[in-house]
>>> print(open('structure-v8.txt').read())   # compact mmCIF, C-alpha atoms
# COMPACT_ATOMS: atom_id res chain seq x y z
CA MET A 17 0.00 0.00 0.00
CA GLU A 18 1.37 3.36 -0.97
CA ILE A 19 0.21 6.50 0.81
CA LEU A 20 1.04 10.03 -0.21
CA VAL A 21 0.34 13.21 1.72
CA LEU A 22 0.35 16.17 -0.67
CA GLY A 23 1.18 19.60 0.63
CA THR A 24 3.55 22.50 0.25
CA GLY A 25 4.75 22.33 3.81
CA CYS A 26 2.31 24.36 5.87
CA GLU A 27 0.86 23.55 9.26
CA ASN A 28 -2.26 21.84 7.88
CA CYS A 29 -0.22 19.59 5.64
CA LYS A 30 1.92 18.53 8.59
CA LYS A 31 -1.23 17.85 10.59
CA LEU A 32 -2.59 15.58 7.87
CA TYR A 33 0.70 13.71 7.77
CA GLU A 34 0.63 13.12 11.52
CA THR A 35 -3.03 12.10 11.45
CA THR A 36 -2.35 9.63 8.65
CA LYS A 37 0.57 8.04 10.47
CA LYS A 38 -1.56 7.71 13.58
CA ALA A 39 -4.37 6.12 11.59
CA LEU A 40 -1.99 3.53 10.16
CA VAL A 41 -0.70 2.66 13.61
CA GLU A 42 -4.24 2.22 14.90
CA LEU A 43 -5.16 0.08 11.90
CA GLY A 44 -2.05 -1.98 12.40
CA VAL A 45 -1.11 -1.47 8.79
CA ASN A 46 2.54 -1.33 7.91
CA ALA A 47 2.67 1.15 5.04
CA ASP A 48 4.95 3.98 4.06
CA VAL A 49 3.61 7.50 4.24
CA LYS A 50 5.41 9.76 1.84
CA LYS A 51 5.20 13.54 1.99
CA VAL A 52 5.06 15.12 -1.45
CA GLU A 53 5.98 18.80 -1.64
CA ASP A 54 6.83 19.12 -5.32
CA ILE A 55 4.20 21.25 -7.05
CA ALA A 56 4.24 19.34 -10.33
CA GLU A 57 3.71 16.07 -8.49
CA ILE A 58 0.90 17.52 -6.38
CA MET A 59 -0.86 18.96 -9.40
CA LYS A 60 -1.14 15.50 -10.96
CA TYR A 61 -3.82 14.81 -8.39
CA THR A 62 -5.34 18.08 -7.19
CA MET A 63 -4.94 21.80 -6.67
CA ASN A 64 -6.52 21.69 -3.25
CA THR A 65 -3.97 20.91 -0.56
CA PRO A 66 -3.56 19.31 1.89
CA ALA A 67 -4.50 16.08 0.14
CA LEU A 68 -4.31 12.34 0.66
CA VAL A 69 -3.55 9.76 -2.04
CA VAL A 70 -3.86 6.03 -1.39
CA ASN A 71 -2.50 3.58 -3.96
CA GLY A 72 -2.60 6.25 -6.64
CA LYS A 73 -6.16 7.34 -5.92
CA LEU A 74 -7.05 10.75 -4.50
CA VAL A 75 -9.22 10.13 -1.44
CA HIS A 76 -9.25 13.54 0.16
CA SER A 77 -8.40 17.11 -0.72
CA GLY A 78 -8.56 20.43 1.03
CA LYS A 79 -10.31 21.64 4.12
CA PRO A 80 -11.67 20.36 6.39
CA LEU A 81 -8.90 18.02 7.38
CA PRO A 82 -10.09 14.50 8.08
CA ASP A 83 -9.66 13.24 11.64
CA VAL A 84 -8.01 9.92 12.51
CA GLU A 85 -11.26 7.97 12.22
CA LYS A 86 -12.00 9.45 8.80
CA VAL A 87 -8.50 8.64 7.53
CA LYS A 88 -8.89 5.07 8.73
CA THR A 89 -12.15 4.78 6.79
CA LEU A 90 -10.59 6.30 3.68
CA ILE A 91 -7.68 3.88 3.79
CA ASN A 92 -9.95 0.89 4.34
CA ASN A 93 -12.21 1.87 1.48
CA VAL A 94 -9.46 1.62 -1.11
CA MET B 30 -28.55 40.58 26.98
CA PHE B 31 -24.80 40.37 27.33
CA LYS B 32 -24.70 44.06 28.09
CA ASN B 33 -27.14 43.59 30.96
CA PHE B 34 -25.02 40.83 32.39
CA ALA B 35 -21.87 42.94 32.10
CA GLU B 36 -23.54 45.89 33.79
CA PHE B 37 -24.99 43.67 36.49
CA PHE B 38 -21.64 42.05 37.13
CA VAL B 39 -19.64 45.25 37.33
CA TYR B 40 -22.04 47.57 39.10
CA HIS B 41 -24.04 45.21 41.32
CA LEU B 42 -21.93 42.17 42.00
CA LEU B 43 -18.62 43.95 42.29
CA ASN B 44 -20.24 47.17 43.40
CA LEU B 45 -18.02 49.46 41.41
CA GLN B 46 -18.58 53.13 40.92
CA LYS B 47 -20.32 54.01 37.66
CA GLY B 48 -18.12 56.33 35.64
CA SER B 49 -14.90 55.19 37.22
CA LYS B 50 -12.21 54.26 34.71
CA PHE B 51 -11.81 50.74 35.99
CA ALA B 52 -15.54 50.09 35.88
CA ASP B 53 -15.70 51.39 32.33
CA ALA B 54 -12.83 49.24 31.22
CA LEU B 55 -14.15 46.14 32.96
CA GLU B 56 -17.66 46.57 31.60
CA PHE B 57 -16.24 46.91 28.07
CA PHE B 58 -14.12 43.83 28.60
CA ILE B 59 -16.87 41.54 29.89
CA TYR B 60 -19.53 42.70 27.49
CA ASP B 61 -17.35 42.51 24.42
CA THR B 62 -15.75 39.21 25.33
CA LEU B 63 -19.11 37.53 25.74
CA LYS B 64 -20.54 39.13 22.65
CA ILE B 65 -17.55 38.43 20.44
CA PHE B 66 -17.08 34.79 21.39
CA PHE B 67 -20.76 34.10 20.99
CA LEU B 68 -20.86 35.75 17.56
CA LEU B 69 -17.65 34.08 16.47
CA SER B 70 -18.93 30.62 17.35
CA VAL B 71 -22.19 31.09 15.52
CA ILE B 72 -20.82 32.79 12.44
CA ILE B 73 -17.79 30.56 11.94
CA PHE B 74 -20.08 27.55 12.20
CA VAL B 75 -22.57 28.91 9.66
CA VAL B 76 -19.90 30.14 7.25
CA SER B 77 -18.01 26.83 7.39
CA PHE B 78 -21.20 24.96 6.64
CA ILE B 79 -21.91 27.16 3.64
CA ARG B 80 -18.32 26.83 2.46
CA SER B 81 -18.60 23.04 2.35
CA PHE B 82 -20.80 23.58 -0.70
CA PHE B 83 -18.12 25.45 -2.60
CA PRO B 84 -15.08 23.25 -3.14
CA PRO B 85 -12.31 25.02 -5.08
CA GLU B 86 -12.76 22.60 -8.00
CA LYS B 87 -16.29 23.89 -8.54
CA THR B 88 -15.16 27.50 -8.29
CA LYS B 89 -12.49 26.82 -10.85
CA LYS B 90 -15.10 25.49 -13.28
CA TYR B 91 -17.35 28.53 -12.78
CA LEU B 92 -14.51 30.92 -13.44
CA SER B 93 -12.91 29.19 -16.39
CA HIS B 94 -12.91 31.35 -19.52
CA LYS B 95 -15.10 34.02 -17.98
CA LYS B 96 -14.91 37.49 -19.45
CA GLU B 97 -13.60 40.56 -17.74
CA PHE B 98 -15.86 42.23 -15.15
CA ILE B 99 -18.38 39.40 -14.85
CA GLY B 100 -15.47 37.09 -14.19
CA ASN B 101 -13.94 39.48 -11.70
CA VAL B 102 -17.20 40.03 -9.82
CA LEU B 103 -17.88 36.32 -9.69
CA ALA B 104 -14.32 35.59 -8.59
CA ALA B 105 -14.48 38.17 -5.80
CA LEU B 106 -17.78 36.75 -4.55
CA LEU B 107 -16.58 33.18 -4.81
CA GLY B 108 -13.43 34.16 -2.95
CA VAL B 109 -15.65 34.83 0.03
CA VAL B 110 -17.36 31.44 0.05
CA THR B 111 -14.64 29.09 -1.17
CA PRO B 112 -12.62 27.63 1.66
CA PHE B 113 -8.95 27.54 1.00
CA CYS B 114 -5.88 27.00 3.03
CA SER B 115 -3.27 29.65 2.33
CA CYS B 116 -0.80 26.87 1.71
CA SER B 117 -2.97 25.91 -1.21
CA ALA B 118 -2.50 29.32 -2.82
CA VAL B 119 0.16 28.02 -5.20
CA PRO B 120 -1.57 24.85 -6.41
CA LEU B 121 -4.81 26.79 -6.60
CA PHE B 122 -3.26 29.53 -8.69
CA ILE B 123 -1.75 26.99 -11.03
CA GLY B 124 -5.01 25.06 -11.22
CA PHE B 125 -6.97 28.19 -12.10
CA VAL B 126 -4.53 29.42 -14.71
CA GLU B 127 -4.21 26.01 -16.27
CA SER B 128 -8.00 25.69 -16.57
CA GLY B 129 -8.30 28.87 -18.53
CA VAL B 130 -9.29 31.21 -15.73
CA PRO B 131 -7.95 34.60 -16.87
CA LEU B 132 -5.13 36.07 -14.79
CA GLY B 133 -7.11 39.12 -13.69
CA VAL B 134 -10.03 36.95 -12.58
CA THR B 135 -7.68 34.71 -10.62
CA PHE B 136 -6.32 37.75 -8.85
CA SER B 137 -9.80 38.98 -7.92
CA PHE B 138 -10.25 35.63 -6.20
CA LEU B 139 -6.87 35.78 -4.48
CA ILE B 140 -7.55 39.28 -3.19
CA SER B 141 -11.05 38.79 -1.83
CA SER B 142 -10.39 35.42 -0.25
CA PRO B 143 -8.17 36.48 2.64
CA MET B 144 -9.65 39.97 2.91
CA VAL B 145 -13.17 38.85 3.52
CA ASN B 146 -12.27 36.61 6.42
CA GLU B 147 -15.19 35.74 8.64
CA VAL B 148 -13.37 36.23 11.92
CA ALA B 149 -12.51 39.80 10.99
CA LEU B 150 -16.05 40.41 9.78
CA VAL B 151 -17.60 39.09 12.97
CA MET B 152 -15.36 41.24 15.08
CA LEU B 153 -16.09 44.29 13.00
CA PHE B 154 -19.80 43.57 13.28
CA GLY B 155 -19.63 42.86 16.99
CA LEU B 156 -17.64 45.95 17.85
CA PHE B 157 -18.46 48.48 15.17
CA GLY B 158 -21.95 47.44 14.17
CA TRP B 159 -23.34 46.02 11.00
CA LYS B 160 -22.99 49.17 8.92
CA ILE B 161 -19.22 49.24 9.21
CA ALA B 162 -18.86 45.51 8.77
CA PHE B 163 -20.97 45.77 5.65
CA LEU B 164 -18.94 48.73 4.42
CA TYR B 165 -15.77 46.75 4.88
CA LEU B 166 -17.27 43.83 2.97
CA ILE B 167 -18.43 45.95 0.04
CA THR B 168 -15.21 47.91 -0.15
CA GLY B 169 -13.19 44.71 0.10
CA LEU B 170 -15.10 43.19 -2.80
CA THR B 171 -14.71 46.39 -4.83
CA VAL B 172 -10.97 46.44 -4.23
CA ALA B 173 -10.79 42.79 -5.30
CA ILE B 174 -12.82 43.39 -8.46
CA PHE B 175 -11.00 46.57 -9.37
CA GLY B 176 -7.55 45.17 -8.59
CA GLY B 177 -8.27 42.07 -10.67
CA ILE B 178 -9.51 44.10 -13.64
CA VAL B 179 -6.44 46.35 -13.58
CA ILE B 180 -4.07 43.40 -13.45
CA GLY B 181 -6.01 41.72 -16.23
CA ARG B 182 -5.78 44.82 -18.40
CA MET B 183 -2.07 45.16 -17.87
CA LYS B 184 -1.54 41.88 -19.67
CA LEU B 185 0.97 40.57 -17.17
CA GLU B 186 0.82 36.92 -18.18
CA LYS B 187 4.47 36.97 -19.16
CA TYR B 188 5.35 37.67 -15.54
CA VAL B 189 3.93 34.42 -14.31
CA GLU B 190 6.64 31.83 -13.79
CA GLU B 191 6.92 29.71 -16.95
CA TYR B 192 6.63 26.34 -15.31
CA VAL B 193 3.08 27.19 -14.28
CA PHE B 194 1.90 26.90 -17.87
CA LYS B 195 3.67 23.61 -18.36
CA ILE B 196 2.08 21.72 -15.51
CA LYS B 197 -0.53 19.19 -16.46
CA MET B 198 -3.24 18.87 -13.92
CA GLY B 199 -5.06 15.66 -13.21
CA GLU B 200 -8.85 15.68 -13.35
CA ALA B 201 -9.86 14.67 -9.89
CA GLU B 202 -13.33 13.54 -8.99
CA VAL B 203 -14.87 15.75 -6.34
CA ILE B 204 -16.60 13.73 -3.68
CA SER B 205 -19.49 15.61 -2.14
CA PRO B 206 -19.60 15.45 1.65
CA THR B 207 -22.71 14.12 3.39
CA PHE B 208 -24.82 16.41 5.57
CA LYS B 209 -23.32 14.86 8.69
CA GLU B 210 -19.85 15.51 7.35
CA ARG B 211 -20.69 19.14 6.63
CA ILE B 212 -21.88 19.63 10.21
CA ALA B 213 -18.80 17.87 11.54
CA TYR B 214 -16.63 20.15 9.40
CA ALA B 215 -18.42 23.26 10.64
CA LYS B 216 -18.05 22.16 14.24
CA PHE B 217 -14.40 21.18 13.82
CA ASN B 218 -13.54 24.42 12.07
CA THR B 219 -15.24 26.53 14.74
CA ILE B 220 -13.37 24.84 17.56
CA ASP B 221 -10.13 24.91 15.60
CA ILE B 222 -10.29 28.62 14.84
CA LEU B 223 -11.42 29.55 18.35
CA ARG B 224 -8.61 27.48 19.77
CA LYS B 225 -6.12 29.45 17.69
CA VAL B 226 -7.39 32.95 18.35
CA TRP B 227 -9.07 33.01 21.77
CA LEU B 228 -6.07 34.23 23.69
CA PHE B 229 -5.25 36.95 21.16
CA ILE B 230 -8.83 38.14 21.19
CA LEU B 231 -8.97 38.16 24.95
CA ILE B 232 -5.75 40.13 25.23
CA ALA B 233 -6.84 42.50 22.49
CA ILE B 234 -10.20 43.12 24.15
CA ALA B 235 -8.39 43.73 27.42
CA ILE B 236 -6.15 46.30 25.75
CA GLY B 237 -9.22 47.76 24.10
CA GLY B 238 -10.91 47.93 27.46
CA PHE B 239 -7.94 49.68 28.95
CA ILE B 240 -7.89 52.23 26.16
CA HIS B 241 -11.62 52.64 26.48
CA GLY B 242 -11.49 53.31 30.17
CA TYR B 243 -8.21 55.09 30.64
CA VAL B 244 -7.16 56.92 27.51
CA PRO B 245 -8.61 60.43 27.23
CA GLN B 246 -11.46 60.83 24.80
CA ASP B 247 -9.92 62.73 21.93
CA PHE B 248 -6.37 61.63 22.42
CA LEU B 249 -5.77 60.57 18.84
CA VAL B 250 -7.62 63.33 17.05
CA LYS B 251 -4.48 65.40 16.99
CA TYR B 252 -2.32 62.62 15.59
CA ALA B 253 -4.53 60.30 13.63
CA GLY B 254 -7.69 62.18 12.90
CA LYS B 255 -9.06 63.13 9.52
CA ASP B 256 -6.71 66.00 9.04
CA ASN B 257 -3.49 64.12 9.37
CA ILE B 258 -2.63 63.19 5.81
CA PHE B 259 -0.04 60.66 6.90
CA ALA B 260 -2.46 58.66 9.00
CA VAL B 261 -3.73 56.49 6.14
CA PRO B 262 -0.39 55.49 4.58
CA ILE B 263 1.10 54.82 7.99
CA ALA B 264 -1.87 52.69 8.95
CA VAL B 265 -1.53 50.70 5.72
CA ALA B 266 2.20 50.22 6.27
CA LEU B 267 1.53 49.00 9.81
CA GLY B 268 -1.05 46.57 8.53
CA VAL B 269 1.25 44.55 6.31
CA PRO B 270 3.12 42.51 8.92
CA LEU B 271 0.02 41.93 11.03
CA TYR B 272 -1.92 39.29 9.10
CA SER B 273 -1.93 36.51 11.64
CA ASN B 274 -3.45 38.85 14.17
CA ALA B 275 -6.34 40.11 12.09
CA ALA B 276 -8.78 39.18 14.81
CA GLY B 277 -6.61 40.58 17.53
CA VAL B 278 -6.16 44.07 16.14
CA ILE B 279 -9.81 44.88 15.81
CA PRO B 280 -10.67 45.48 19.46
CA ILE B 281 -7.66 47.75 19.75
CA VAL B 282 -8.66 49.62 16.62
CA TYR B 283 -12.18 49.93 17.97
CA ALA B 284 -11.03 51.55 21.15
CA LEU B 285 -8.70 53.83 19.21
CA MET B 286 -11.52 54.91 16.99
CA HIS B 287 -13.36 56.22 20.01
CA LYS B 288 -10.31 58.25 20.82
CA GLY B 289 -10.28 59.97 17.47
CA LEU B 290 -8.94 57.55 14.86
CA SER B 291 -11.05 58.25 11.80
CA LEU B 292 -13.06 55.59 10.01
CA GLY B 293 -11.26 55.75 6.67
CA THR B 294 -7.96 55.07 8.39
CA VAL B 295 -9.54 52.17 10.26
CA LEU B 296 -10.91 50.60 7.08
CA ALA B 297 -7.62 51.01 5.24
CA PHE B 298 -5.77 49.48 8.14
CA MET B 299 -8.07 46.44 8.30
CA MET B 300 -7.70 45.85 4.59
CA ALA B 301 -3.95 46.15 4.76
CA VAL B 302 -3.86 43.64 7.58
CA THR B 303 -5.90 41.03 5.74
CA ALA B 304 -5.13 41.56 2.06
CA LEU B 305 -1.46 42.52 2.14
CA SER B 306 -0.02 39.68 4.09
CA LEU B 307 3.70 39.11 4.04
CA PRO B 308 3.44 35.32 4.36
CA GLU B 309 1.12 35.19 1.36
CA MET B 310 3.47 37.34 -0.71
CA ILE B 311 6.26 34.93 0.04
CA ILE B 312 4.12 32.02 -1.04
CA LEU B 313 2.97 33.75 -4.22
CA ARG B 314 6.58 34.41 -5.20
CA LYS B 315 6.69 30.76 -6.19
CA VAL B 316 4.35 31.38 -9.10
CA LEU B 317 4.81 35.07 -9.81
CA LYS B 318 7.96 36.71 -11.05
CA PRO B 319 9.08 39.59 -8.83
CA LYS B 320 7.79 42.26 -11.22
CA LEU B 321 4.25 40.92 -11.13
CA LEU B 322 4.40 40.53 -7.37
CA TYR B 323 5.52 44.15 -6.94
CA ILE B 324 2.85 45.40 -9.33
CA PHE B 325 0.25 43.41 -7.41
CA VAL B 326 1.37 44.80 -4.06
CA GLY B 327 1.63 48.28 -5.53
CA ILE B 328 -1.88 48.26 -6.97
CA MET B 329 -3.30 46.89 -3.74
CA THR B 330 -1.51 49.44 -1.60
CA MET B 331 -2.60 52.38 -3.74
CA THR B 332 -6.19 51.18 -3.91
CA ILE B 333 -6.38 50.65 -0.17
CA ILE B 334 -4.83 54.02 0.58
CA PHE B 335 -7.30 55.61 -1.79
CA VAL B 336 -10.17 53.89 0.00
CA GLY B 337 -8.84 55.20 3.30
CA TYR B 338 -8.68 58.80 2.13
CA MET B 339 -12.03 58.61 0.43
CA PHE B 340 -13.85 57.47 3.55
CA ASN B 341 -12.05 60.00 5.69
CA VAL B 342 -13.41 62.69 3.42
CA ILE B 343 -16.97 61.54 2.95
CA LEU B 344 -17.70 60.31 6.48
>>> encode(input="structure-v8.txt", output="structure tokens")
Amino acid sequence: MEILVLGTGCENCKKLYETTKKALVELGVNADVKKVEDIAEIMKYTMNTPALVVNGKLVHSGKPLPDVEKVKTLINNV
Amino acid sequence: MFKNFAEFFVYHLLNLQKGSKFADALEFFIYDTLKIFFLLSVIIFVVSFIRSFFPPEKTKKYLSHKKEFIGNVLAALLGVVTPFCSCSAVPLFIGFVESGVPLGVTFSFLISSPMVNEVALVMLFGLFGWKIAFLYLITGLTVAIFGGIVIGRMKLEKYVEEYVFKIKMGEAEVISPTFKERIAYAKFNTIDILRKVWLFILIAIAIGGFIHGYVPQDFLVKYAGKDNIFAVPIAVALGVPLYSNAAGVIPIVYALMHKGLSLGTVLAFMMAVTALSLPEMIILRKVLKPKLLYIFVGIMTMTIIFVGYMFNVIL
């Protein structure tokens, strides 16, 4: 499973990254969370950061940020 | 209702002397704190809920290939209701430009979005009344529309960083939130914003209360009243580094206004605080070449200063 957190490095993007890592721990899933800050890479998926991509699919973009429970659901749905 | 409680608390419970400076200051503090936090909670909640219906992707579609003026008006209005994180300014800018939203229209959006920020509006409404809050809103939108049109006319596309036009954007499906999710978002956003600003607001209201109670009535008329022609530019210059404290400065400005700071200067200052934010300029530098950035800041500054002078004269 490949998980990407898209964001240009602001506070909200960091928050999403932390939330995602926490969700993975709670799910007991051993997956890599990669932070993507390159604009060209981000734009392949969305213009609305912070965003979450799971296995190549955009599952969340923009505000409001999903909480841990929501991230767990999003990951499980893919 | 809040005023009654404040009066009751200060004059009956604490038994303070009416007219004494401390009583004045305390009454101001209690009344305005209660009023502001109540208003903030309600308004942020409502605005967040409304904003959940306006994802940036939709806004982008509405604005794509729109003509001048209609596009600018629409962009300014949509800037108010589209939620966007300032970190998203760069991807958003690229997304808009790449979808055929004209440069001037994009700028109208970028100007109105931070300027018409609901926390600032609530505080203006709560402290200055609806007329001034409304005035700020209308003027803010006008500045956004006008600024966007001017930039559009100047044909500054060549001053956008080249790579912006080369980026290929993916077409993402926009998933609509459920009603429950919208409510959860509104609630989360309200708590989140309050958590960030409550201390600033409290301190600012306290300072405002102090000024209200202890600073002599017409203290500022000499220095910052209508007749001081430097008041407006100085206020605008002061506003630039203050973005993150937009909510915090309002109670102070309110108290100052009662000591003689004229309305035009107040409006110009508020706009400078919200629309000319240093952090945002730094972020925009990633997509705009320096010349365009300077032109943008220059146009905004002149427009805001003009607004300040105009209101000082007519009000």
>>> closest_residue(input="structure-v8.txt", among="A:Lys60, A:Lys50, A:Lys79, A:Lys37", to="Ile91 in chain A", atoms="only C-alpha atoms")
A:Lys37
>>> interface_residues(input="structure-v8.txt", of="chain A", to="chain B", cutoff="10 Å", atoms="all atoms listed in the file", output="mmCIF file with C-alpha atoms, in the frame of the given file")
data_model
loop_
_atom_site.group_PDB
_atom_site.id
_atom_site.type_symbol
_atom_site.label_atom_id
_atom_site.label_comp_id
_atom_site.auth_asym_id
_atom_site.auth_seq_id
_atom_site.Cartn_x
_atom_site.Cartn_y
_atom_site.Cartn_z
ATOM 1 C CA GLY A 23 1.180 19.600 0.630
ATOM 2 C CA THR A 24 3.550 22.500 0.250
ATOM 3 C CA GLY A 25 4.750 22.330 3.810
ATOM 4 C CA CYS A 26 2.310 24.360 5.870
ATOM 5 C CA GLU A 27 0.860 23.550 9.260
ATOM 6 C CA ASN A 28 -2.260 21.840 7.880
ATOM 7 C CA CYS A 29 -0.220 19.590 5.640
ATOM 8 C CA ILE A 55 4.200 21.250 -7.050
ATOM 9 C CA ALA A 56 4.240 19.340 -10.330
ATOM 10 C CA GLU A 57 3.710 16.070 -8.490
ATOM 11 C CA ILE A 58 0.900 17.520 -6.380
ATOM 12 C CA MET A 59 -0.860 18.960 -9.400
ATOM 13 C CA LYS A 60 -1.140 15.500 -10.960
ATOM 14 C CA TYR A 61 -3.820 14.810 -8.390
ATOM 15 C CA THR A 62 -5.340 18.080 -7.190
ATOM 16 C CA MET A 63 -4.940 21.800 -6.670
ATOM 17 C CA ASN A 64 -6.520 21.690 -3.250
ATOM 18 C CA THR A 65 -3.970 20.910 -0.560
ATOM 19 C CA PRO A 66 -3.560 19.310 1.890
ATOM 20 C CA LYS A 73 -6.160 7.340 -5.920
ATOM 21 C CA LEU A 74 -7.050 10.750 -4.500
ATOM 22 C CA VAL A 75 -9.220 10.130 -1.440
ATOM 23 C CA HIS A 76 -9.250 13.540 0.160
ATOM 24 C CA SER A 77 -8.400 17.110 -0.720
ATOM 25 C CA GLY A 78 -8.560 20.430 1.030
ATOM 26 C CA LYS A 79 -10.310 21.640 4.120
ATOM 27 C CA PRO A 80 -11.670 20.360 6.390
ATOM 28 C CA LEU A 81 -8.900 18.020 7.380
ATOM 29 C CA PRO A 82 -10.090 14.500 8.080
ATOM 30 C CA ASP A 83 -9.660 13.240 11.640
#
>>> atom_distance(input="structure-v8.txt", atom1="CA of Tyr91 in chain B", atom2="CA of Val179 in chain B")
20.9 Å
>>> axis_aligned_box(input="structure-v8.txt", around="range 24-35 of chain A", padding_each_side="3 Å", output="lines of an AutoDock Vina configuration file")
center_x = 0.9
center_y = 18.2
center_z = 5.9
size_x = 13.8
size_y = 18.3
size_z = 17.3
>>> residues_around(input="structure-v8.txt", residues="Leu170 in chain B", least_positions_apart="6", cutoff="10 Å", atoms="only C-alpha atoms", output="ChimeraX atom specification")
/B:101-102,104-106,108-109,137-138,140-142,144-145,164,176
>>> residues_near_point(input="structure-v8.txt", point="(-1.4, 5.8, 12.4)", cutoff="12 Å", atoms="all atoms listed in the file", output="PyMOL selection string")
chain A and resi 19+32-49+83-88+91
>>> atom_distance(input="structure-v8.txt", atom1="CA of Lys187 in chain B", atom2="CA of Lys320 in chain B")
10.1 Å
>>> decode(input="structure-v8.txt", residues="range 94-100 of chain B", atoms="all heavy atoms", output="PDB file, in the first residue's frame")
ATOM      1  N   HIS B  94     -12.585  30.625 -18.279  1.00  0.00           N
ATOM      2  CA  HIS B  94     -12.911  31.349 -19.518  1.00  0.00           C
ATOM      3  C   HIS B  94     -13.954  32.448 -19.356  1.00  0.00           C
ATOM      4  O   HIS B  94     -14.588  32.849 -20.322  1.00  0.00           O
ATOM      5  CB  HIS B  94     -13.369  30.390 -20.618  1.00  0.00           C
ATOM      6  CG  HIS B  94     -12.322  29.366 -20.946  1.00  0.00           C
ATOM      7  ND1 HIS B  94     -11.127  29.706 -21.524  1.00  0.00           N
ATOM      8  CD2 HIS B  94     -12.279  28.034 -20.734  1.00  0.00           C
ATOM      9  CE1 HIS B  94     -10.392  28.617 -21.668  1.00  0.00           C
ATOM     10  NE2 HIS B  94     -11.059  27.588 -21.199  1.00  0.00           N
ATOM     11  N   LYS B  95     -14.137  32.934 -18.159  1.00  0.00           N
ATOM     12  CA  LYS B  95     -15.096  34.023 -17.982  1.00  0.00           C
ATOM     13  C   LYS B  95     -14.500  35.336 -18.482  1.00  0.00           C
ATOM     14  O   LYS B  95     -13.310  35.565 -18.393  1.00  0.00           O
ATOM     15  CB  LYS B  95     -15.457  34.185 -16.503  1.00  0.00           C
ATOM     16  CG  LYS B  95     -16.459  33.170 -16.013  1.00  0.00           C
ATOM     17  CD  LYS B  95     -17.843  33.472 -16.564  1.00  0.00           C
ATOM     18  CE  LYS B  95     -18.893  32.499 -16.104  1.00  0.00           C
ATOM     19  NZ  LYS B  95     -18.650  31.125 -16.457  1.00  0.00           N
ATOM     20  N   LYS B  96     -15.388  36.209 -18.946  1.00  0.00           N
ATOM     21  CA  LYS B  96     -14.915  37.491 -19.447  1.00  0.00           C
ATOM     22  C   LYS B  96     -14.586  38.444 -18.324  1.00  0.00           C
ATOM     23  O   LYS B  96     -14.948  38.220 -17.184  1.00  0.00           O
ATOM     24  CB  LYS B  96     -15.998  38.142 -20.323  1.00  0.00           C
ATOM     25  CG  LYS B  96     -16.332  37.392 -21.563  1.00  0.00           C
ATOM     26  CD  LYS B  96     -16.529  38.362 -22.747  1.00  0.00           C
ATOM     27  CE  LYS B  96     -17.060  37.653 -23.944  1.00  0.00           C
ATOM     28  NZ  LYS B  96     -18.521  37.570 -23.948  1.00  0.00           N
ATOM     29  N   GLU B  97     -13.921  39.518 -18.699  1.00  0.00           N
ATOM     30  CA  GLU B  97     -13.601  40.561 -17.743  1.00  0.00           C
ATOM     31  C   GLU B  97     -14.884  41.095 -17.116  1.00  0.00           C
ATOM     32  O   GLU B  97     -15.943  40.991 -17.693  1.00  0.00           O
ATOM     33  CB  GLU B  97     -12.878  41.703 -18.458  1.00  0.00           C
ATOM     34  CG  GLU B  97     -12.304  42.743 -17.515  1.00  0.00           C
ATOM     35  CD  GLU B  97     -12.007  44.045 -18.224  1.00  0.00           C
ATOM     36  OE1 GLU B  97     -12.967  44.714 -18.625  1.00  0.00           O
ATOM     37  OE2 GLU B  97     -10.814  44.374 -18.382  1.00  0.00           O
ATOM     38  N   PHE B  98     -14.792  41.673 -15.982  1.00  0.00           N
ATOM     39  CA  PHE B  98     -15.857  42.233 -15.153  1.00  0.00           C
ATOM     40  C   PHE B  98     -16.777  41.165 -14.570  1.00  0.00           C
ATOM     41  O   PHE B  98     -16.807  40.976 -13.377  1.00  0.00           O
ATOM     42  CB  PHE B  98     -16.672  43.322 -15.852  1.00  0.00           C
ATOM     43  CG  PHE B  98     -17.511  44.082 -14.862  1.00  0.00           C
ATOM     44  CD1 PHE B  98     -16.893  44.923 -13.952  1.00  0.00           C
ATOM     45  CD2 PHE B  98     -18.881  43.902 -14.781  1.00  0.00           C
ATOM     46  CE1 PHE B  98     -17.640  45.593 -12.977  1.00  0.00           C
ATOM     47  CE2 PHE B  98     -19.624  44.574 -13.813  1.00  0.00           C
ATOM     48  CZ  PHE B  98     -19.012  45.419 -12.914  1.00  0.00           C
ATOM     49  N   ILE B  99     -17.533  40.451 -15.418  1.00  0.00           N
ATOM     50  CA  ILE B  99     -18.381  39.400 -14.849  1.00  0.00           C
ATOM     51  C   ILE B  99     -17.499  38.397 -14.121  1.00  0.00           C
ATOM     52  O   ILE B  99     -17.796  37.968 -13.003  1.00  0.00           O
ATOM     53  CB  ILE B  99     -19.172  38.653 -15.948  1.00  0.00           C
ATOM     54  CG1 ILE B  99     -20.147  39.580 -16.610  1.00  0.00           C
ATOM     55  CG2 ILE B  99     -19.877  37.456 -15.355  1.00  0.00           C
ATOM     56  CD1 ILE B  99     -21.174  38.891 -17.455  1.00  0.00           C
ATOM     57  N   GLY B 100     -16.403  38.030 -14.793  1.00  0.00           N
ATOM     58  CA  GLY B 100     -15.470  37.085 -14.194  1.00  0.00           C
ATOM     59  C   GLY B 100     -14.908  37.621 -12.892  1.00  0.00           C
ATOM     60  O   GLY B 100     -14.830  36.915 -11.896  1.00  0.00           O
TER      61      GLY B 100
END
